[in-house]
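Raw my_file.json, JSON, C-alpha atoms:
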[["chain", "number", "residue", "atom", "x", "y", "z"],
["A", 20, "MET", "CA", 122.62, 103.82, 111.22],
["A", 21, "LYS", "CA", 122.55, 103.73, 107.43],
["A", 22, "SER", "CA", 120.10, 104.14, 104.58],
["A", 23, "ARG", "CA", 120.58, 103.68, 100.84],
["A", 24, "ILE", "CA", 118.39, 105.75, 98.52],
["A", 25, "LYS", "CA", 118.32, 104.63, 94.89],
["A", 26, "LEU", "CA", 116.84, 106.41, 91.89],
["A", 27, "VAL", "CA", 114.28, 104.26, 90.10],
["A", 28, "GLU", "CA", 113.09, 106.62, 87.36],
["A", 29, "ASN", "CA", 112.11, 110.26, 86.90],
["A", 30, "MET", "CA", 111.92, 111.54, 90.53],
["A", 31, "GLN", "CA", 111.02, 108.21, 92.11],
["A", 32, "PHE", "CA", 113.46, 106.85, 94.70],
["A", 33, "VAL", "CA", 113.40, 103.75, 96.87],
["A", 34, "ALA", "CA", 115.08, 104.07, 100.25],
["A", 35, "THR", "CA", 116.24, 100.90, 101.99],
["A", 36, "ALA", "CA", 117.32, 100.95, 105.63],
["A", 37, "ASP", "CA", 119.76, 98.72, 107.48],
["A", 38, "SER", "CA", 116.73, 96.87, 108.85],
["A", 39, "GLY", "CA", 115.82, 95.86, 105.27],
["A", 40, "HIS", "CA", 112.62, 97.92, 105.18],
["A", 41, "ALA", "CA", 112.07, 100.00, 102.07],
["A", 42, "VAL", "CA", 110.11, 103.19, 101.48],
["A", 43, "LEU", "CA", 109.08, 104.72, 98.17],
["A", 44, "MET", "CA", 109.47, 108.47, 97.69],
["A", 45, "ASP", "CA", 108.42, 110.69, 94.82],
["A", 46, "ALA", "CA", 107.88, 114.35, 94.00],
["A", 47, "PRO", "CA", 104.46, 115.78, 93.14],
["A", 48, "GLN", "CA", 103.59, 116.40, 89.51],
["A", 49, "SER", "CA", 103.97, 120.17, 90.02],
["A", 50, "VAL", "CA", 107.74, 119.73, 90.33],
["A", 51, "GLY", "CA", 108.21, 117.02, 87.73],
["A", 52, "GLY", "CA", 107.45, 113.86, 89.69],
["A", 53, "ASN", "CA", 104.66, 111.31, 89.34],
["A", 54, "ASN", "CA", 103.36, 111.53, 92.92],
["A", 55, "SER", "CA", 103.87, 107.78, 93.38],
["A", 56, "GLY", "CA", 105.10, 108.04, 96.97],
["A", 57, "ALA", "CA", 105.48, 110.32, 99.95],
["A", 58, "LYS", "CA", 107.55, 113.48, 99.60],
["A", 59, "PRO", "CA", 110.78, 113.49, 101.63],
["A", 60, "SER", "CA", 109.58, 116.48, 103.68],
["A", 61, "GLU", "CA", 106.39, 114.57, 104.53],
["A", 62, "LEU", "CA", 108.54, 111.64, 105.62],
["A", 63, "LEU", "CA", 110.28, 113.93, 108.11],
["A", 64, "LEU", "CA", 106.95, 114.77, 109.77],
["A", 65, "MET", "CA", 105.92, 111.09, 109.69],
["A", 66, "ALA", "CA", 109.21, 110.13, 111.35],
["A", 67, "PHE", "CA", 108.61, 112.66, 114.13],
["A", 68, "GLY", "CA", 105.06, 111.45, 114.76],
["A", 69, "GLY", "CA", 106.10, 107.79, 114.74],
["A", 70, "CYS", "CA", 109.07, 108.36, 117.01],
["A", 71, "SER", "CA", 107.16, 110.31, 119.62],
["A", 72, "GLY", "CA", 104.09, 108.08, 119.24],
["A", 73, "MET", "CA", 106.14, 104.96, 120.04],
["A", 74, "ASP", "CA", 107.59, 106.60, 123.15],
["A", 75, "ILE", "CA", 104.20, 107.66, 124.41],
["A", 76, "ILE", "CA", 102.34, 104.41, 123.81],
["A", 77, "SER", "CA", 105.16, 102.51, 125.57],
["A", 78, "ILE", "CA", 105.05, 104.81, 128.60],
["A", 79, "LEU", "CA", 101.23, 104.73, 128.82],
["A", 80, "ARG", "CA", 101.27, 100.92, 128.69],
["A", 81, "LYS", "CA", 103.89, 100.79, 131.45],
["A", 82, "LYS", "CA", 101.60, 103.02, 133.48],
["A", 83, "LYS", "CA", 98.76, 100.51, 132.92],
["A", 84, "GLN", "CA", 96.62, 102.96, 130.97],
["A", 85, "GLU", "CA", 93.83, 101.31, 128.97],
["A", 86, "VAL", "CA", 94.46, 102.88, 125.59],
["A", 87, "ALA", "CA", 91.88, 101.79, 122.99],
["A", 88, "SER", "CA", 93.26, 103.87, 120.13],
["A", 89, "PHE", "CA", 95.99, 106.43, 119.67],
["A", 90, "GLU", "CA", 96.92, 108.82, 116.94],
["A", 91, "VAL", "CA", 99.38, 111.63, 116.40],
["A", 92, "ASN", "CA", 98.89, 114.58, 114.06],
["A", 93, "VAL", "CA", 101.92, 116.55, 112.96],
["A", 94, "GLN", "CA", 101.83, 119.85, 111.13],
["A", 95, "GLY", "CA", 104.89, 121.67, 109.86],
["A", 96, "ASP", "CA", 105.29, 125.23, 108.61],
["A", 97, "THR", "CA", 107.96, 126.32, 106.18],
["A", 98, "PRO", "CA", 108.84, 129.77, 104.82],
["A", 99, "GLU", "CA", 107.91, 130.48, 101.19],
["A", 100, "LYS", "CA", 111.43, 131.30, 100.01],
["A", 101, "HIS", "CA", 114.65, 129.26, 99.78],
["A", 102, "PRO", "CA", 116.58, 128.33, 101.84],
["A", 103, "ARG", "CA", 113.51, 126.77, 103.47],
["A", 104, "TYR", "CA", 113.38, 124.57, 106.54],
["A", 105, "PHE", "CA", 110.74, 123.68, 109.08],
["A", 106, "THR", "CA", 110.45, 126.66, 111.44],
["A", 107, "ASN", "CA", 107.38, 125.57, 113.42],
["A", 108, "ILE", "CA", 106.07, 122.07, 114.00],
["A", 109, "HIS", "CA", 102.96, 121.27, 115.99],
["A", 110, "ILE", "CA", 102.33, 117.76, 117.26],
["A", 111, "GLU", "CA", 98.94, 116.72, 118.61],
["A", 112, "TYR", "CA", 98.36, 113.47, 120.50],
["A", 113, "VAL", "CA", 94.87, 111.93, 120.62],
["A", 114, "VAL", "CA", 94.53, 109.21, 123.26],
["A", 115, "THR", "CA", 91.26, 107.29, 123.40],
["A", 116, "GLY", "CA", 90.44, 104.86, 126.18],
["A", 117, "ARG", "CA", 88.85, 104.35, 129.59],
["A", 118, "ASN", "CA", 89.88, 106.46, 132.58],
["A", 119, "ILE", "CA", 93.08, 107.69, 130.95],
["A", 120, "SER", "CA", 95.13, 109.70, 133.43],
["A", 121, "GLU", "CA", 95.78, 113.21, 132.14],
["A", 122, "ASP", "CA", 98.85, 113.36, 134.35],
["A", 123, "ALA", "CA", 100.24, 110.17, 132.74],
["A", 124, "VAL", "CA", 99.67, 111.62, 129.27],
["A", 125, "LYS", "CA", 101.37, 114.92, 130.16],
["A", 126, "LYS", "CA", 104.37, 113.16, 131.69],
["A", 127, "ALA", "CA", 104.70, 110.79, 128.74],
["A", 128, "ILE", "CA", 104.68, 113.72, 126.28],
["A", 129, "ALA", "CA", 107.30, 115.60, 128.30],
["A", 130, "LEU", "CA", 109.55, 112.52, 128.51],
["A", 131, "SER", "CA", 109.28, 111.89, 124.77],
["A", 132, "LEU", "CA", 109.86, 115.46, 123.64],
["A", 133, "ASN", "CA", 112.58, 116.34, 126.15],
["A", 134, "THR", "CA", 114.49, 113.08, 126.51],
["A", 135, "TYR", "CA", 113.63, 110.10, 124.31],
["A", 136, "CYS", "CA", 112.48, 111.05, 120.83],
["A", 137, "MET", "CA", 115.61, 111.21, 118.71],
["A", 138, "VAL", "CA", 113.81, 112.61, 115.67],
["A", 139, "GLY", "CA", 112.15, 115.36, 117.71],
["A", 140, "LEU", "CA", 115.38, 116.27, 119.47],
["A", 141, "THR", "CA", 117.14, 116.50, 116.10],
["A", 142, "ILE", "CA", 114.57, 118.66, 114.31],
["A", 143, "GLY", "CA", 113.88, 120.66, 117.50],
["A", 144, "LYS", "CA", 117.21, 122.43, 117.00],
["A", 145, "ALA", "CA", 115.74, 124.05, 113.86],
["A", 146, "ALA", "CA", 111.99, 124.17, 114.43],
["A", 147, "LYS", "CA", 110.00, 125.48, 117.35],
["A", 148, "ILE", "CA", 108.03, 122.42, 118.45],
["A", 149, "THR", "CA", 104.67, 122.97, 120.13],
["A", 150, "HIS", "CA", 102.30, 120.26, 121.28],
["A", 151, "SER", "CA", 98.77, 119.60, 122.43],
["A", 152, "TYR", "CA", 96.77, 116.56, 123.44],
["A", 153, "ARG", "CA", 93.21, 115.32, 123.53],
["A", 154, "ILE", "CA", 92.02, 112.56, 125.79],
["A", 155, "VAL", "CA", 88.85, 110.93, 124.51],
["A", 156, "ASP", "CA", 87.00, 108.83, 127.07],
["A", 157, "GLU", "CA", 85.38, 105.82, 125.45],
["A", 158, "GLY", "CA", 82.23, 106.81, 127.31],
["A", 159, "GLY", "CA", 82.27, 109.99, 125.25],
["A", 160, "LYS", "CA", 83.89, 112.53, 127.56],
["A", 161, "GLU", "CA", 86.67, 114.56, 125.96],
["A", 162, "GLY", "CA", 89.51, 116.49, 127.61],
["A", 163, "ARG", "CA", 91.71, 118.92, 125.73],
["A", 164, "SER", "CA", 94.84, 120.97, 126.27],
["B", 4, "MET", "CA", 102.04, 120.27, 105.56],
["B", 5, "LYS", "CA", 100.37, 117.60, 107.68],
["B", 6, "SER", "CA", 100.78, 113.93, 108.54],
["B", 7, "ARG", "CA", 98.55, 111.66, 110.60],
["B", 8, "ILE", "CA", 100.22, 108.76, 112.41],
["B", 9, "LYS", "CA", 97.89, 106.08, 113.72],
["B", 10, "LEU", "CA", 98.67, 103.19, 116.05],
["B", 11, "VAL", "CA", 97.76, 99.83, 114.47],
["B", 12, "GLU", "CA", 98.91, 97.42, 117.19],
["B", 13, "ASN", "CA", 101.81, 96.87, 119.53],
["B", 14, "MET", "CA", 104.43, 99.38, 118.22],
["B", 15, "GLN", "CA", 103.23, 99.40, 114.62],
["B", 16, "PHE", "CA", 102.05, 102.75, 113.24],
["B", 17, "VAL", "CA", 100.81, 103.80, 109.81],
["B", 18, "ALA", "CA", 101.59, 107.38, 108.81],
["B", 19, "THR", "CA", 99.45, 108.99, 106.13],
["B", 20, "ALA", "CA", 100.47, 112.26, 104.52],
["B", 21, "ASP", "CA", 98.36, 115.01, 102.97],
["B", 22, "SER", "CA", 99.28, 113.53, 99.60],
["B", 23, "GLY", "CA", 97.50, 110.29, 100.57],
["B", 24, "HIS", "CA", 100.69, 108.22, 100.64],
["B", 25, "ALA", "CA", 101.14, 105.94, 103.62],
["B", 26, "VAL", "CA", 104.23, 104.55, 105.32],
["B", 27, "LEU", "CA", 104.46, 101.74, 107.85],
["B", 28, "MET", "CA", 106.70, 102.18, 110.88],
["B", 29, "ASP", "CA", 107.61, 99.74, 113.62],
["B", 30, "ALA", "CA", 110.16, 99.25, 116.38],
["B", 31, "PRO", "CA", 112.68, 96.42, 116.37],
["B", 32, "GLN", "CA", 112.01, 93.37, 118.54],
["B", 33, "SER", "CA", 114.73, 94.48, 121.00],
["B", 34, "VAL", "CA", 112.48, 97.33, 122.14],
["B", 35, "GLY", "CA", 109.15, 95.53, 122.01],
["B", 36, "GLY", "CA", 108.17, 95.93, 118.35],
["B", 37, "ASN", "CA", 107.72, 93.36, 115.59],
["B", 38, "ASN", "CA", 110.17, 94.93, 113.09],
["B", 39, "SER", "CA", 107.40, 95.14, 110.46],
["B", 40, "GLY", "CA", 108.47, 98.51, 109.09],
["B", 41, "ALA", "CA", 111.19, 101.14, 109.12],
["B", 42, "LYS", "CA", 112.15, 102.77, 112.40],
["B", 43, "PRO", "CA", 111.29, 106.48, 112.63],
["B", 44, "SER", "CA", 114.95, 107.42, 112.97],
["B", 45, "GLU", "CA", 115.72, 105.47, 109.78],
["B", 46, "LEU", "CA", 112.92, 107.39, 108.08],
["B", 47, "LEU", "CA", 114.68, 110.63, 108.95],
["B", 48, "LEU", "CA", 117.83, 109.51, 107.12],
["B", 49, "MET", "CA", 115.74, 108.25, 104.18],
["B", 50, "ALA", "CA", 113.97, 111.61, 103.99],
["B", 51, "PHE", "CA", 117.30, 113.42, 103.86],
["B", 52, "GLY", "CA", 118.67, 111.17, 101.11],
["B", 53, "GLY", "CA", 115.48, 111.42, 99.06],
["B", 54, "CYS", "CA", 115.24, 115.18, 99.43],
["B", 55, "SER", "CA", 118.82, 115.87, 98.42],
["B", 56, "GLY", "CA", 118.76, 113.13, 95.78],
["B", 57, "MET", "CA", 115.75, 114.74, 94.06],
["B", 58, "ASP", "CA", 117.47, 118.13, 94.02],
["B", 59, "ILE", "CA", 120.63, 116.73, 92.53],
["B", 60, "ILE", "CA", 119.10, 114.56, 89.83],
["B", 61, "SER", "CA", 116.95, 117.54, 88.75],
["B", 62, "ILE", "CA", 119.97, 119.83, 88.51],
["B", 63, "LEU", "CA", 122.11, 117.26, 86.67],
["B", 64, "ARG", "CA", 119.31, 116.69, 84.14],
["B", 65, "LYS", "CA", 118.98, 120.46, 83.59],
["B", 66, "LYS", "CA", 122.72, 120.51, 82.96],
["B", 67, "LYS", "CA", 122.26, 117.77, 80.30],
["B", 68, "GLN", "CA", 124.31, 115.22, 82.21],
["B", 69, "GLU", "CA", 123.79, 111.65, 81.00],
["B", 70, "VAL", "CA", 123.09, 109.96, 84.32],
["B", 71, "ALA", "CA", 122.60, 106.19, 83.96],
["B", 72, "SER", "CA", 122.08, 105.47, 87.65],
["B", 73, "PHE", "CA", 122.21, 107.43, 90.86],
["B", 74, "GLU", "CA", 122.22, 106.52, 94.50],
["B", 75, "VAL", "CA", 122.63, 108.27, 97.81],
["B", 76, "ASN", "CA", 123.98, 106.69, 100.98],
["B", 77, "VAL", "CA", 123.25, 108.34, 104.30],
["B", 78, "GLN", "CA", 124.85, 107.43, 107.60],
["B", 79, "GLY", "CA", 123.92, 108.99, 110.94],
["B", 80, "ASP", "CA", 125.70, 108.86, 114.28],
["B", 81, "THR", "CA", 123.95, 109.23, 117.61],
["B", 82, "PRO", "CA", 125.34, 109.37, 121.14],
["B", 83, "GLU", "CA", 124.79, 106.31, 123.34],
["B", 84, "LYS", "CA", 122.91, 108.12, 126.11],
["B", 85, "HIS", "CA", 119.60, 110.00, 126.24],
["B", 86, "PRO", "CA", 118.78, 112.67, 125.27],
["B", 87, "ARG", "CA", 120.05, 111.40, 121.91],
["B", 88, "TYR", "CA", 119.89, 113.13, 118.56],
["B", 89, "PHE", "CA", 121.81, 112.88, 115.32],
["B", 90, "THR", "CA", 125.13, 114.68, 115.87],
["B", 91, "ASN", "CA", 126.89, 113.71, 112.64],
["B", 92, "ILE", "CA", 125.37, 112.72, 109.33],
["B", 93, "HIS", "CA", 127.37, 111.77, 106.26],
["B", 94, "ILE", "CA", 125.76, 111.75, 102.83],
["B", 95, "GLU", "CA", 127.47, 110.11, 99.85],
["B", 96, "TYR", "CA", 126.29, 110.59, 96.26],
["B", 97, "VAL", "CA", 127.16, 107.99, 93.63],
["B", 98, "VAL", "CA", 126.57, 109.22, 90.06],
["B", 99, "THR", "CA", 127.04, 106.73, 87.23],
["B", 100, "GLY", "CA", 126.97, 107.76, 83.57],
["B", 101, "ARG", "CA", 128.96, 108.89, 80.57],
["B", 102, "ASN", "CA", 131.21, 111.97, 80.74],
["B", 103, "ILE", "CA", 129.61, 113.28, 83.92],
["B", 104, "SER", "CA", 131.01, 116.73, 84.76],
["B", 105, "GLU", "CA", 132.60, 116.74, 88.21],
["B", 106, "ASP", "CA", 131.98, 120.47, 88.37],
["B", 107, "ALA", "CA", 128.25, 119.94, 87.71],
["B", 108, "VAL", "CA", 128.08, 117.33, 90.48],
["B", 109, "LYS", "CA", 129.89, 119.57, 92.96],
["B", 110, "LYS", "CA", 127.66, 122.55, 92.18],
["B", 111, "ALA", "CA", 124.49, 120.43, 92.41],
["B", 112, "ILE", "CA", 125.53, 119.12, 95.83],
["B", 113, "ALA", "CA", 126.30, 122.61, 97.10],
["B", 114, "LEU", "CA", 122.97, 123.97, 95.85],
["B", 115, "SER", "CA", 121.04, 121.11, 97.45],
["B", 116, "LEU", "CA", 122.78, 121.21, 100.83],
["B", 117, "ASN", "CA", 123.01, 125.00, 101.15],
["B", 118, "THR", "CA", 119.78, 126.19, 99.53],
["B", 119, "TYR", "CA", 117.16, 123.67, 98.39],
["B", 120, "CYS", "CA", 116.97, 120.58, 100.56],
["B", 121, "MET", "CA", 114.44, 121.38, 103.26],
["B", 122, "VAL", "CA", 115.09, 118.18, 105.20],
["B", 123, "GLY", "CA", 118.86, 118.75, 105.19],
["B", 124, "LEU", "CA", 118.51, 122.38, 106.19],
["B", 125, "THR", "CA", 116.23, 121.35, 109.07],
["B", 126, "ILE", "CA", 118.40, 118.56, 110.49],
["B", 127, "GLY", "CA", 121.59, 120.51, 109.72],
["B", 128, "LYS", "CA", 120.82, 122.78, 112.67],
["B", 129, "ALA", "CA", 121.41, 119.79, 114.98],
["B", 130, "ALA", "CA", 123.80, 117.53, 113.09],
["B", 131, "LYS", "CA", 127.10, 118.28, 111.44],
["B", 132, "ILE", "CA", 126.50, 117.23, 107.84],
["B", 133, "THR", "CA", 129.44, 116.06, 105.78],
["B", 134, "HIS", "CA", 129.32, 114.81, 102.21],
["B", 135, "SER", "CA", 131.29, 113.00, 99.54],
["B", 136, "TYR", "CA", 130.66, 111.88, 96.00],
["B", 137, "ARG", "CA", 131.76, 109.24, 93.56],
["B", 138, "ILE", "CA", 131.44, 109.59, 89.81],
["B", 139, "VAL", "CA", 131.46, 106.25, 88.05],
["B", 140, "ASP", "CA", 132.09, 106.43, 84.31],
["B", 141, "GLU", "CA", 130.13, 103.77, 82.48],
["B", 142, "GLY", "CA", 133.36, 102.96, 80.67],
["B", 143, "GLY", "CA", 134.76, 101.96, 84.07],
["B", 144, "LYS", "CA", 136.65, 105.07, 85.20],
["B", 145, "GLU", "CA", 135.87, 106.18, 88.73],
["B", 146, "GLY", "CA", 136.38, 109.59, 90.34],
["B", 147, "ARG", "CA", 136.10, 110.17, 94.06],
["B", 148, "SER", "CA", 136.09, 113.03, 96.54]]
structure tokens encoding of this file:
Amino acid sequence: MKSRIKLVENMQFVATADSGHAVLMDAPQSVGGNNSGAKPSELLLMAFGGCSGMDIISILRKKKQEVASFEVNVQGDTPEKHPRYFTNIHIEYVVTGRNISEDAVKKAIALSLNTYCMVGLTIGKAAKITHSYRIVDEGGKEGRS
Amino acid sequence: MKSRIKLVENMQFVATADSGHAVLMDAPQSVGGNNSGAKPSELLLMAFGGCSGMDIISILRKKKQEVASFEVNVQGDTPEKHPRYFTNIHIEYVVTGRNISEDAVKKAIALSLNTYCMVGLTIGKAAKITHSYRIVDEGGKEGRS
């Protein structure tokens, strides 16, 4: 798997993947960029949320769960001083639908984080990954863990 | 640092960072997606290239190097079987300009990979990261390591 990351100007880069899809990155103004795109470290958290989110929605669909909407929130903590890396990452899954099985959600999360999600398994060697979930019943009932 | 990743439809997700910037992700058709955006695992490689690329262009500018163009190529290897994660990642830097100091390039790469690049330092706990560089003189001379 390959990506090519090309400087456009100042601190703006365009990354193009094998698949042909391109993503714009930039640094914030505080470190000399123009804030025209996501920061690379933000992209890492996005990649984790997307990776695990795709696993979980696939598994829930296979288990015939009626998911009306689904979102993933990822928060990463880094030390103040260099060399910095993500030491703690929390991922929260919010599943909204009718009669969603809590057991199906728990099993899907475990499968993603322990077996399928390549991004999570890669960054999980550096960061302590914790997770939580919320199940929102379309009737209004909410479960939480 | 936070990101919110929301399911749009099928396997398409939009990730939105604290900074307000959004990135589209999708799965390829082979695994049920519509290939409308980068794969999360591609995003991880993009993030690494962008992160290290920003470090290096900043350092080369501080060292008064006349960089005409700059690109970073990142390649990641993953095992065939689950649980999969990136085991080897190679990053290549291509610096084009006039009278670029090889020493400046080497020092910039070392500073980025060992001290500054948060994405690299995070994924470097899982993957073996190797690097190379090419210096292309605008007059046509090319150096390689």
Please report, as a tab-separated table, each residue of region 30-83 of chain B lying at most 8 Å from region 103-110 of chain B, together with the nearest pair of atoms and the separation in Å rounded to one decimal; use all atoms listed in the file, and order rows by chain and ascending residue number.
residue	atom	partner	partner_atom	distance
B:Ile59	CA	B:Val108	CA	7.8
B:Leu63	CA	B:Ala107	CA	6.8
B:Lys66	CA	B:Ala107	CA	7.3
B:Gln68	CA	B:Ile103	CA	5.9
B:Glu69	CA	B:Ile103	CA	6.7
B:Val70	CA	B:Ile103	CA	7.3
Kindly compute an axis-aligned box around the listed atoms of region 30-34 of chain B, allowing 8 Å on each side, and express its centre and edge lengths in Å to one decimal as lines of an AutoDock Vina configuration file.
center_x = 112.4
center_y = 96.3
center_z = 119.3
size_x = 20.6
size_y = 21.9
size_z = 21.8
Write out as a list in words the residues lying within 6 Å of region 126-130 of chain B, counting all atoms listed in the file and excluding same-chain residues fewer than 4 positions away.
Thr141, Ile142, Lys144 and Ala145 of chain A; Phe89, Thr90 and Asn91 of chain B
So, with only C-alpha atoms as the atoms that count, which of B:Gly23, B:Pro86, B:Gly56, B:Gly36 lies closest to chain A?
B:Pro86
Quick one: residues within 6 Å of region 90-94 of chain A, only C-alpha atoms counted, chain neighbours fewer than 3 positions away excluded, as a ChimeraX atom specification?
/A:68,108-113 /B:4-10
